[in-house]
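This is upload_0.cif (mmCIF, C-alpha atoms and all ligand atoms).
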```cif
data_target
loop_
_atom_site.label_atom_id
_atom_site.label_comp_id
_atom_site.auth_asym_id
_atom_site.auth_seq_id
_atom_site.Cartn_x
_atom_site.Cartn_y
_atom_site.Cartn_z
CA MET A 1 17.54 -19.14 66.22
CA THR A 2 19.64 -18.88 69.33
CA ARG A 3 20.03 -21.79 71.70
CA THR A 4 18.88 -19.85 74.75
CA PRO A 5 15.42 -20.37 76.23
CA GLY A 6 15.13 -16.58 75.94
CA ALA A 7 14.27 -17.29 72.29
CA VAL A 8 10.80 -18.43 73.33
CA PRO A 9 8.42 -15.53 72.56
CA THR A 10 6.78 -14.08 75.66
CA GLY A 11 3.36 -14.96 74.26
CA ARG A 12 4.34 -18.66 74.33
CA LEU A 13 5.20 -18.64 78.04
CA PRO A 14 4.99 -20.66 80.21
CA ALA A 15 7.08 -23.08 78.16
CA TYR A 16 9.07 -26.23 78.53
CA VAL A 17 12.39 -26.01 76.72
CA TYR A 18 14.31 -29.23 76.15
CA ASP A 19 17.95 -29.11 75.12
CA LEU A 20 18.30 -32.26 73.04
CA ALA A 21 21.99 -31.61 72.33
CA GLU A 22 22.71 -31.57 76.05
CA LEU A 23 20.67 -34.74 76.51
CA ASP A 24 22.55 -36.45 73.68
CA ALA A 25 25.93 -35.53 75.18
CA HIS A 26 24.90 -36.55 78.71
CA ALA A 27 23.42 -39.89 77.64
CA GLY A 28 26.54 -40.57 75.56
CA ALA A 29 28.77 -39.96 78.58
CA VAL A 30 26.62 -42.21 80.78
CA ARG A 31 26.68 -44.94 78.14
CA ALA A 32 30.47 -44.70 77.83
CA ALA A 33 30.93 -44.93 81.60
CA LEU A 34 28.89 -48.13 81.84
CA GLY A 35 31.10 -50.49 79.84
CA ASP A 36 29.29 -53.83 79.50
CA VAL A 37 26.38 -52.84 81.71
CA GLU A 38 23.10 -52.56 79.80
CA LEU A 39 21.24 -49.25 79.95
CA TYR A 40 17.43 -49.06 79.87
CA TYR A 41 15.56 -45.77 80.35
CA ALA A 42 12.67 -45.61 82.83
CA VAL A 43 10.08 -43.98 80.56
CA LYS A 44 7.93 -42.71 83.43
CA ALA A 45 10.56 -40.03 84.18
CA ASN A 46 9.61 -38.30 80.91
CA PRO A 47 7.98 -40.04 77.93
CA ASP A 48 8.28 -37.08 75.51
CA PRO A 49 8.94 -38.67 72.08
CA GLU A 50 11.65 -36.14 71.19
CA LEU A 51 13.57 -37.06 74.34
CA LEU A 52 13.08 -40.77 73.70
CA ARG A 53 14.38 -40.33 70.14
CA THR A 54 17.48 -38.52 71.41
CA LEU A 55 18.12 -41.15 74.07
CA ALA A 56 17.43 -44.21 71.92
CA PRO A 57 20.86 -44.52 70.23
CA HIS A 58 22.47 -44.70 73.69
CA LEU A 59 20.08 -47.27 75.13
CA ASP A 60 19.77 -51.04 75.18
CA GLY A 61 16.03 -50.72 75.80
CA PHE A 62 13.15 -49.03 77.57
CA GLU A 63 11.64 -49.80 80.95
CA VAL A 64 7.88 -49.18 81.07
CA ALA A 65 5.50 -49.35 84.01
CA SER A 66 2.08 -49.57 82.34
CA GLY A 67 0.26 -50.70 79.23
CA GLY A 68 0.02 -47.04 78.23
CA GLU A 69 3.78 -46.56 78.35
CA LEU A 70 4.26 -49.84 76.50
CA ALA A 71 1.93 -48.74 73.66
CA HIS A 72 3.70 -45.36 73.51
CA VAL A 73 7.17 -46.93 73.19
CA ARG A 74 5.92 -49.51 70.65
CA GLU A 75 4.42 -46.71 68.54
CA HIS A 76 7.71 -44.83 68.31
CA PHE A 77 10.19 -47.73 68.56
CA PRO A 78 8.48 -50.88 67.27
CA ASP A 79 11.64 -53.00 67.52
CA ALA A 80 13.24 -51.75 70.73
CA PRO A 81 13.68 -54.16 73.65
CA VAL A 82 11.20 -53.32 76.40
CA ALA A 83 11.01 -54.40 80.03
CA LEU A 84 7.61 -54.09 81.71
CA GLY A 85 7.39 -53.71 85.49
CA GLY A 86 5.22 -52.15 88.14
CA PRO A 87 2.91 -53.41 90.87
CA GLY A 88 -0.73 -54.05 90.04
CA LYS A 89 -0.49 -55.27 86.45
CA THR A 90 -3.81 -55.98 84.78
CA ASP A 91 -4.12 -59.18 82.72
CA ASP A 92 -3.58 -57.13 79.54
CA GLU A 93 -0.32 -55.80 80.94
CA LEU A 94 0.81 -59.10 82.43
CA PHE A 95 0.17 -60.98 79.18
CA SER A 96 1.70 -58.43 76.81
CA GLU A 97 4.66 -59.45 74.69
CA VAL A 98 7.77 -57.81 76.04
CA THR A 99 11.46 -58.60 76.14
CA ARG A 100 11.45 -58.90 79.92
CA LEU A 101 8.57 -59.01 82.38
CA HIS A 102 9.34 -57.93 85.94
CA VAL A 103 7.17 -60.09 88.21
CA GLU A 104 6.09 -58.32 91.38
CA SER A 105 4.36 -61.10 93.34
CA PRO A 106 3.60 -64.83 93.47
CA GLY A 107 0.01 -63.86 92.60
CA GLU A 108 1.15 -62.27 89.34
CA LEU A 109 3.21 -65.34 88.51
CA ARG A 110 0.25 -67.66 89.19
CA ARG A 111 -1.93 -65.62 86.80
CA LEU A 112 0.80 -65.72 84.17
CA LEU A 113 1.30 -69.49 84.50
CA ALA A 114 -2.46 -70.10 84.40
CA SER A 115 -2.66 -68.17 81.11
CA GLY A 116 -0.35 -70.67 79.45
CA ARG A 117 1.59 -67.84 77.80
CA SER A 118 5.33 -67.81 77.51
CA ALA A 119 7.44 -65.02 78.98
CA ASP A 120 10.98 -64.19 80.02
CA VAL A 121 10.80 -62.97 83.60
CA LEU A 122 12.88 -61.26 86.21
CA LEU A 123 11.62 -61.61 89.78
CA ARG A 124 11.55 -58.28 91.58
CA VAL A 125 13.20 -58.64 94.96
CA ASN A 126 12.99 -56.41 98.00
CA LEU A 127 15.86 -57.32 100.29
CA ASP A 128 15.76 -56.41 103.96
CA ILE A 129 18.91 -54.32 103.96
CA PRO A 130 19.53 -50.90 105.49
CA ILE A 131 19.04 -48.09 102.96
CA GLU A 132 20.34 -44.79 104.28
CA GLY A 133 20.31 -41.43 102.58
CA ALA A 134 17.61 -42.28 100.04
CA SER A 135 15.06 -39.67 98.95
CA LEU A 136 12.53 -42.45 98.21
CA ALA A 137 12.76 -46.04 99.49
CA MET A 138 10.94 -48.70 97.46
CA GLY A 139 12.62 -51.52 99.39
CA GLY A 140 14.69 -52.37 102.45
CA GLY A 141 11.58 -53.19 104.48
CA ALA A 142 7.82 -53.67 104.16
CA THR A 143 6.67 -51.94 100.93
CA PRO A 144 4.27 -53.00 98.12
CA PHE A 145 7.14 -53.28 95.61
CA GLY A 146 8.49 -56.68 94.69
CA MET A 147 8.89 -59.68 96.97
CA ASP A 148 10.88 -60.63 100.01
CA PRO A 149 13.11 -63.72 99.72
CA ALA A 150 10.21 -65.95 100.87
CA GLY A 151 8.08 -64.62 97.99
CA ILE A 152 10.95 -65.20 95.55
CA ALA A 153 11.36 -68.77 96.85
CA GLU A 154 7.64 -69.32 96.29
CA CYS A 155 8.02 -68.12 92.68
CA VAL A 156 11.07 -70.28 92.06
CA ALA A 157 9.06 -73.32 93.24
CA LEU A 158 6.11 -72.35 90.99
CA LEU A 159 8.46 -72.15 87.99
CA GLU A 160 9.80 -75.68 88.42
CA GLY A 161 8.61 -78.34 86.03
CA GLN A 162 7.31 -76.00 83.31
CA ASP A 163 9.03 -74.24 80.43
CA ALA A 164 6.61 -71.57 79.21
CA VAL A 165 7.79 -68.99 81.71
CA ARG A 166 11.56 -68.71 81.77
CA LEU A 167 13.31 -67.38 84.86
CA ARG A 168 16.05 -65.09 83.52
CA GLY A 169 17.05 -63.33 86.69
CA ILE A 170 16.41 -60.81 89.40
CA HIS A 171 15.22 -57.23 89.34
CA ALA A 172 15.84 -54.79 92.19
CA HIS A 173 14.92 -51.11 92.35
CA LEU A 174 15.31 -50.41 96.03
CA ALA A 175 15.75 -46.66 96.44
CA SER A 176 16.11 -43.27 94.76
CA GLY A 177 18.61 -40.56 95.52
CA LEU A 178 21.71 -42.59 96.38
CA ASP A 179 25.23 -41.66 95.35
CA ALA A 180 27.53 -44.04 93.47
CA PRO A 181 29.26 -45.61 96.54
CA ARG A 182 25.89 -46.36 98.19
CA MET A 183 24.45 -47.68 94.92
CA LEU A 184 27.44 -50.01 94.60
CA GLU A 185 26.90 -51.33 98.15
CA LEU A 186 23.29 -52.12 97.25
CA ALA A 187 24.39 -53.71 93.97
CA ALA A 188 26.83 -55.96 95.84
CA ALA A 189 24.05 -57.13 98.17
CA VAL A 190 21.66 -57.78 95.27
CA LEU A 191 24.34 -59.69 93.35
CA ASP A 192 25.17 -61.84 96.39
CA TYR A 193 21.51 -62.69 96.65
CA ALA A 194 21.06 -63.38 92.91
CA ARG A 195 24.01 -65.78 93.00
CA THR A 196 22.30 -67.90 95.68
CA LEU A 197 19.54 -68.46 93.09
CA GLY A 198 22.00 -69.23 90.30
CA VAL A 199 20.50 -66.70 87.86
CA GLY A 200 22.68 -64.76 85.44
CA GLU A 201 20.74 -61.61 84.71
CA ILE A 202 20.47 -58.84 87.27
CA ASN A 203 18.60 -55.57 86.78
CA LEU A 204 19.80 -53.16 89.46
CA GLY A 205 17.09 -50.54 88.87
CA GLY A 206 17.39 -46.76 88.73
CA GLY A 207 17.38 -44.10 91.43
CA MET A 208 20.81 -42.51 90.80
CA ALA A 209 21.10 -39.35 92.89
CA VAL A 210 20.07 -35.96 91.54
CA SER A 211 20.43 -32.88 93.76
CA TYR A 212 17.95 -30.04 93.29
CA ALA A 213 19.75 -28.12 96.06
CA ASP A 214 23.09 -28.44 94.26
CA PRO A 215 22.47 -28.82 90.50
CA GLY A 216 26.20 -29.02 89.81
CA ALA A 217 26.61 -32.14 91.99
CA ARG A 218 26.26 -34.97 89.48
CA PHE A 219 26.06 -38.69 89.99
CA ASP A 220 29.50 -40.22 89.48
CA TRP A 221 28.75 -42.46 86.50
CA ARG A 222 32.38 -43.31 85.95
CA ALA A 223 32.82 -44.63 89.52
CA TYR A 224 29.54 -46.49 89.25
CA GLY A 225 30.41 -48.07 85.90
CA GLU A 226 33.86 -49.08 87.10
CA GLY A 227 32.42 -50.45 90.35
CA LEU A 228 29.84 -52.53 88.51
CA GLY A 229 32.56 -53.78 86.19
CA ARG A 230 34.45 -55.05 89.25
CA LEU A 231 31.34 -56.66 90.77
CA ARG A 232 30.23 -58.43 87.59
CA ARG A 233 31.35 -62.04 87.20
CA PRO A 234 31.91 -63.67 83.80
CA GLY A 235 28.61 -64.78 82.28
CA GLU A 236 26.52 -62.32 84.26
CA THR A 237 24.42 -59.64 82.54
CA LEU A 238 24.01 -56.46 84.56
CA ARG A 239 21.37 -53.90 83.60
CA ILE A 240 20.26 -50.58 85.05
CA GLU A 241 17.16 -48.49 84.34
CA PRO A 242 17.62 -44.88 85.45
CA GLY A 243 15.04 -42.21 84.71
CA ARG A 244 15.55 -38.91 86.53
CA SER A 245 19.35 -38.85 86.33
CA LEU A 246 19.22 -39.15 82.52
CA THR A 247 16.64 -36.52 81.58
CA VAL A 248 16.29 -34.08 84.48
CA TYR A 249 19.10 -31.74 83.38
CA CYS A 250 17.98 -31.22 79.78
CA GLY A 251 14.69 -29.47 80.61
CA ARG A 252 13.80 -25.93 81.66
CA TYR A 253 10.45 -24.54 82.67
CA VAL A 254 10.39 -20.93 81.52
CA THR A 255 7.74 -18.47 82.61
CA ARG A 256 7.21 -14.79 83.39
CA VAL A 257 6.32 -12.75 86.44
CA ILE A 258 2.72 -11.53 86.54
CA ASP A 259 2.72 -9.75 89.90
CA VAL A 260 5.09 -8.86 92.72
CA LYS A 261 3.70 -8.16 96.19
CA ARG A 262 4.71 -7.84 99.81
CA VAL A 263 2.50 -9.60 102.37
CA HIS A 264 3.23 -9.30 106.10
CA GLY A 265 6.76 -8.30 105.26
CA GLU A 266 7.51 -11.19 102.89
CA LEU A 267 8.10 -10.62 99.17
CA PHE A 268 6.25 -12.79 96.60
CA ALA A 269 6.46 -13.10 92.82
CA VAL A 270 3.42 -14.68 91.19
CA VAL A 271 4.39 -16.29 87.89
CA ALA A 272 2.30 -17.60 84.99
CA GLY A 273 1.75 -21.33 85.43
CA GLY A 274 2.83 -23.07 88.60
CA THR A 275 2.93 -26.49 90.19
CA HIS A 276 0.13 -27.79 87.91
CA HIS A 277 2.85 -27.62 85.22
CA ILE A 278 5.76 -28.68 87.42
CA ARG A 279 4.54 -30.46 90.51
CA THR A 280 7.85 -31.79 91.80
CA PRO A 281 8.88 -28.85 94.05
CA ALA A 282 5.53 -29.20 95.85
CA THR A 283 5.66 -32.97 96.22
CA LYS A 284 9.35 -33.25 97.09
CA GLY A 285 9.31 -30.06 99.16
CA HIS A 286 12.32 -28.55 97.44
CA ASP A 287 13.03 -25.18 95.81
CA GLN A 288 13.12 -25.62 92.06
CA PRO A 289 16.53 -24.29 90.98
CA LEU A 290 16.45 -21.28 88.66
CA VAL A 291 18.75 -19.00 86.74
CA ILE A 292 19.65 -15.97 88.89
CA THR A 293 19.76 -13.07 86.45
CA GLU A 294 20.26 -10.25 88.95
CA PRO A 295 20.71 -10.70 92.71
CA GLY A 296 18.03 -9.12 94.91
CA GLU A 297 16.01 -9.31 98.11
CA PRO A 298 14.87 -12.88 98.91
CA ILE A 299 11.57 -13.53 97.13
CA THR A 300 9.20 -16.49 97.19
CA ILE A 301 8.07 -17.57 93.71
CA VAL A 302 4.55 -18.96 93.51
CA GLY A 303 2.19 -20.00 90.70
CA GLN A 304 -1.38 -19.08 89.80
CA LEU A 305 -3.16 -21.78 91.79
CA CYS A 306 -5.46 -20.98 94.72
CA THR A 307 -3.57 -23.18 97.16
CA PRO A 308 -0.69 -22.43 99.56
CA LYS A 309 1.07 -25.49 98.11
CA ASP A 310 1.67 -23.79 94.78
CA VAL A 311 5.22 -22.72 95.67
CA LEU A 312 8.03 -23.16 93.15
CA ALA A 313 10.92 -21.77 95.20
CA ARG A 314 11.24 -20.05 98.59
CA ARG A 315 13.20 -16.93 99.48
CA VAL A 316 15.41 -16.90 96.38
CA PRO A 317 17.87 -13.97 96.27
CA VAL A 318 16.84 -12.71 92.84
CA ALA A 319 15.50 -9.33 91.70
CA LEU A 320 12.14 -9.78 89.93
CA LYS A 321 9.55 -7.39 88.57
CA PRO A 322 6.38 -7.94 86.53
CA GLY A 323 7.20 -9.05 82.99
CA ASP A 324 10.58 -10.58 83.90
CA ARG A 325 11.37 -14.06 82.66
CA VAL A 326 12.05 -16.82 85.15
CA GLU A 327 13.91 -19.92 83.99
CA PHE A 328 13.64 -22.94 86.24
CA THR A 329 16.27 -25.59 85.56
CA MET A 330 16.24 -29.35 86.23
CA ALA A 331 12.78 -29.65 84.73
CA GLY A 332 13.42 -32.53 82.32
CA ALA A 333 12.14 -35.39 84.53
CA TYR A 334 9.05 -35.89 86.69
CA ALA A 335 7.98 -32.36 85.78
CA TRP A 336 5.25 -31.88 83.16
CA ASN A 337 4.14 -35.52 82.95
CA ILE A 338 3.75 -35.94 86.72
CA SER A 339 1.72 -32.76 87.18
CA HIS A 340 -2.02 -32.16 87.72
CA HIS A 341 -2.50 -30.21 84.47
CA ASP A 342 -6.22 -29.62 84.63
CA PHE A 343 -6.51 -28.20 88.12
CA LEU A 344 -7.93 -24.64 87.67
CA MET A 345 -7.97 -25.08 83.87
CA HIS A 346 -5.16 -22.64 83.15
CA ARG A 347 -3.55 -22.62 79.71
CA LYS A 348 -1.06 -25.42 79.11
CA PRO A 349 2.61 -24.59 78.48
CA SER A 350 4.16 -24.66 75.02
CA PHE A 351 7.02 -27.06 74.22
CA HIS A 352 10.30 -26.20 72.51
CA TYR A 353 13.20 -28.40 71.48
CA LEU A 354 16.76 -27.21 70.98
CA SER A 355 18.12 -29.74 68.51
CA PRO A 356 21.76 -30.73 68.15
CA GLY A 357 22.03 -28.62 64.99
CA GLY A 358 21.15 -25.50 66.97
CA SER A 359 17.63 -25.00 65.60
CA THR A 360 14.54 -24.62 67.72
CA THR A 361 11.36 -26.54 67.03
CA GLN A 362 8.17 -25.31 68.62
CA VAL A 363 5.14 -27.43 69.34
C1 LIG B 1 10.80 -45.12 88.85
C2 LIG B 1 11.56 -46.35 88.57
C3 LIG B 1 12.82 -46.27 87.97
C4 LIG B 1 13.52 -44.96 87.68
O1 LIG B 1 13.83 -44.30 88.86
P1 LIG B 1 14.67 -42.92 88.80
O2 LIG B 1 14.73 -42.47 90.22
O3 LIG B 1 13.90 -41.99 87.94
O4 LIG B 1 16.00 -43.25 88.24
C5 LIG B 1 13.46 -47.45 87.65
N1 LIG B 1 12.89 -48.65 87.92
C6 LIG B 1 11.69 -48.76 88.51
C7 LIG B 1 11.13 -50.10 88.78
C8 LIG B 1 10.98 -47.62 88.86
O5 LIG B 1 9.79 -47.74 89.46
#
```
Rewrite the structure from the file as structure tokens, please.
Amino acid sequence: MTRTPGAVPTGRLPAYVYDLAELDAHAGAVRAALGDVELYYAVKANPDPELLRTLAPHLDGFEVASGGELAHVREHFPDAPVALGGPGKTDDELFSEVTRLHVESPGELRRLLASGRSADVLLRVNLDIPIEGASLAMGGGATPFGMDPAGIAECVALLEGQDAVRLRGIHAHLASGLDAPRMLELAAAVLDYARTLGVGEINLGGGMAVSYADPGARFDWRAYGEGLGRLRRPGETLRIEPGRSLTVYCGRYVTRVIDVKRVHGELFAVVAGGTHHIRTPATKGHDQPLVITEPGEPITIVGQLCTPKDVLARRVPVALKPGDRVEFTMAGAYAWNISHHDFLMHRKPSFHYLSPGGSTTQV
């Protein structure tokens, strides 16, 4: 079979096509750029087992944000190191056996201590520092994620005089969408703070920038890895846990045009599927990038849902007619698994994997 998504039979569209060879090469390059920095993958970006299997050789572990993700990773990788984080952990989640537990509040820590269980914890900190240029801010001010320094101090006091729960370090995931220089500024601030506590393990989170407007603009992993290498002091363990920036590029959402129409002067292409398969353009308000086969009059590409929000891309200069294929790129993260699949009960997409050997597996 050929390696192009065009190999997917029309009857199997809409389809997700994952290029595992591209993912393998990308993850390998990221790993190489990081030097001594540990690499965990944030599973919520895309938990597809084939992607996890491709990533695994390049990873030091998985970051999960629920009991469901934990069970999923354990099923496929029983021995892999796992860090569990996320606000609002149930007792089952809080008391599960993981390599690292990211504690989000003094309340969580009190429940953990009261259980008498042992755990290796990182305290999730939200520092009050300016975060500019982020697409999502989880920290830098009042948010429900992690603790301010007063909350951390409360936890440190709670941990004194007991040895079941071991304080290993600090976790910080403050923002998404930052470039390498801005990420390094944040890292420097987090490290300064961690050193005041005297802890040696610092998880700097994910959130490395991905541009849907400019798919060719990639996060500068080399600069980031070198920068972290300069910031790290002997004896310190630095860890990151990116999601989107690892898997977004390996996935395509391929569909076909059902109808083309002009309404009040504006041209629309209605494609099979829509934002119930790939919700991110609607929630982030961007145009999902796509392969321009033949230039044409600007056309707005929408899905089959009965809502004006079901827009995949606006005024794209591409010639489309019924039956044509449309290949959206950058659909490997926060795409299928973040979408509202059952709304309108349309058929689900098929899934295809381009393996390193060049063969295509269909599911
Ligand atoms: C979502 C999340 C990540 C991954 O973020 P990306 O923007 O996908 O890199 C990492 N850590 C935590 C705690 C998260 O919530």
Go through chain A and flag each residue having an atom no more than 8 Å from ligand LIG 1 (chain B); for those, report the closest pair of atoms plus their distance in Å to one decimal, using all atoms listed in the file, ordered by chain and rising number, as a tab-separated table.
```
residue	atom	partner	partner_atom	distance
A:Tyr41	CA	B:LIG1	C4	7.7
A:Ala42	CA	B:LIG1	C4	5.0
A:Val43	CA	B:LIG1	C4	8.0
A:Lys44	CA	B:LIG1	C1	6.6
A:Ala45	CA	B:LIG1	O3	5.4
A:Glu63	CA	B:LIG1	N1	7.2
A:Ala65	CA	B:LIG1	O5	7.1
A:Gly85	CA	B:LIG1	C7	6.2
A:Gly86	CA	B:LIG1	C7	6.3
A:Ala172	CA	B:LIG1	C7	7.5
A:His173	CA	B:LIG1	C7	5.3
A:Ala175	CA	B:LIG1	O2	7.6
A:Ser176	CA	B:LIG1	O2	4.8
A:Gly177	CA	B:LIG1	O2	6.8
A:Gly205	CA	B:LIG1	N1	4.7
A:Gly206	CA	B:LIG1	O4	3.8
A:Gly207	CA	B:LIG1	O2	3.3
A:Met208	CA	B:LIG1	O4	5.5
A:Ala209	CA	B:LIG1	O2	7.6
A:Ile240	CA	B:LIG1	C5	7.9
A:Glu241	CA	B:LIG1	C5	5.1
A:Pro242	CA	B:LIG1	O4	3.6
A:Gly243	CA	B:LIG1	O3	3.4
A:Arg244	CA	B:LIG1	O3	3.8
A:Ser245	CA	B:LIG1	O4	5.9
A:Leu246	CA	B:LIG1	O4	7.7
A:Ala333	CA	B:LIG1	O3	7.6
A:Tyr334	CA	B:LIG1	O3	7.9
```
Can you tell me, as a list in words, what residues are no more than 10 Å from Lys348 (chain A) when counting all atoms listed in the file, ignoring any on the same chain fewer than 5 positions away?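 Result of the neighbour search: Arg12, Leu13, Pro14, Ala15, Gly273, His276, His277, Trp336, His341 and Asp342 of chain A.
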Can you tell me which residues surround Ile129 (chain A) at a distance of at most 12 Å, considering all atoms listed in the file, apart from same-chain residues fewer than 4 positions away, and format the answer as an MDAnalysis selection string? chainID A and resid 125 137:142 148:149 174:175 185:190 193
Point (10.3, -59.9, 78.5), cut-off 6 Å, counting all atoms listed in the file, residues as a PDB file with C-alpha atoms, keeping the file's coordinate frame:
```pdb
ATOM      1  CA  ALA A  83      11.010 -54.400  80.030  1.00  0.00           C
ATOM      2  CA  VAL A  98       7.770 -57.810  76.040  1.00  0.00           C
ATOM      3  CA  THR A  99      11.460 -58.600  76.140  1.00  0.00           C
ATOM      4  CA  ARG A 100      11.450 -58.900  79.920  1.00  0.00           C
ATOM      5  CA  LEU A 101       8.570 -59.010  82.380  1.00  0.00           C
ATOM      6  CA  ALA A 119       7.440 -65.020  78.980  1.00  0.00           C
ATOM      7  CA  ASP A 120      10.980 -64.190  80.020  1.00  0.00           C
ATOM      8  CA  VAL A 121      10.800 -62.970  83.600  1.00  0.00           C
TER       9      VAL A 121
END
```
Could you please determine the separation between CA of Gly146 (chain A) and CA of Asn126 (chain A) in Å, to one decimal place?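 Pair CA of Gly146 (chain A) / CA of Asn126 (chain A) returns 5.6 Å.
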Region 181-224 of chain A near region 283-298 of chain A within 8 Å: what's each residue's closest atom pair and its distance in Å to one decimal, counting only C-alpha atoms, ordered by chain then ascending residue number, as a Markdown table?
```
| residue | atom | partner | partner_atom | distance |
| --- | --- | --- | --- | --- |
| A:Tyr212 | CA | A:Pro289 | CA | 6.4 |
| A:Ala213 | CA | A:Pro289 | CA | 7.1 |
| A:Pro215 | CA | A:Pro289 | CA | 7.5 |
```
Go ahead and save the picked residues with C-alpha atoms, as a short mmCIF file (atom, residue, chain, number, x, y, z; two decimals), keeping the file's coordinate frame.
```cif
data_model
loop_
_atom_site.label_atom_id
_atom_site.label_comp_id
_atom_site.auth_asym_id
_atom_site.auth_seq_id
_atom_site.Cartn_x
_atom_site.Cartn_y
_atom_site.Cartn_z
CA TYR A 212 17.95 -30.04 93.29
CA ALA A 213 19.75 -28.12 96.06
CA PRO A 215 22.47 -28.82 90.50
#
```
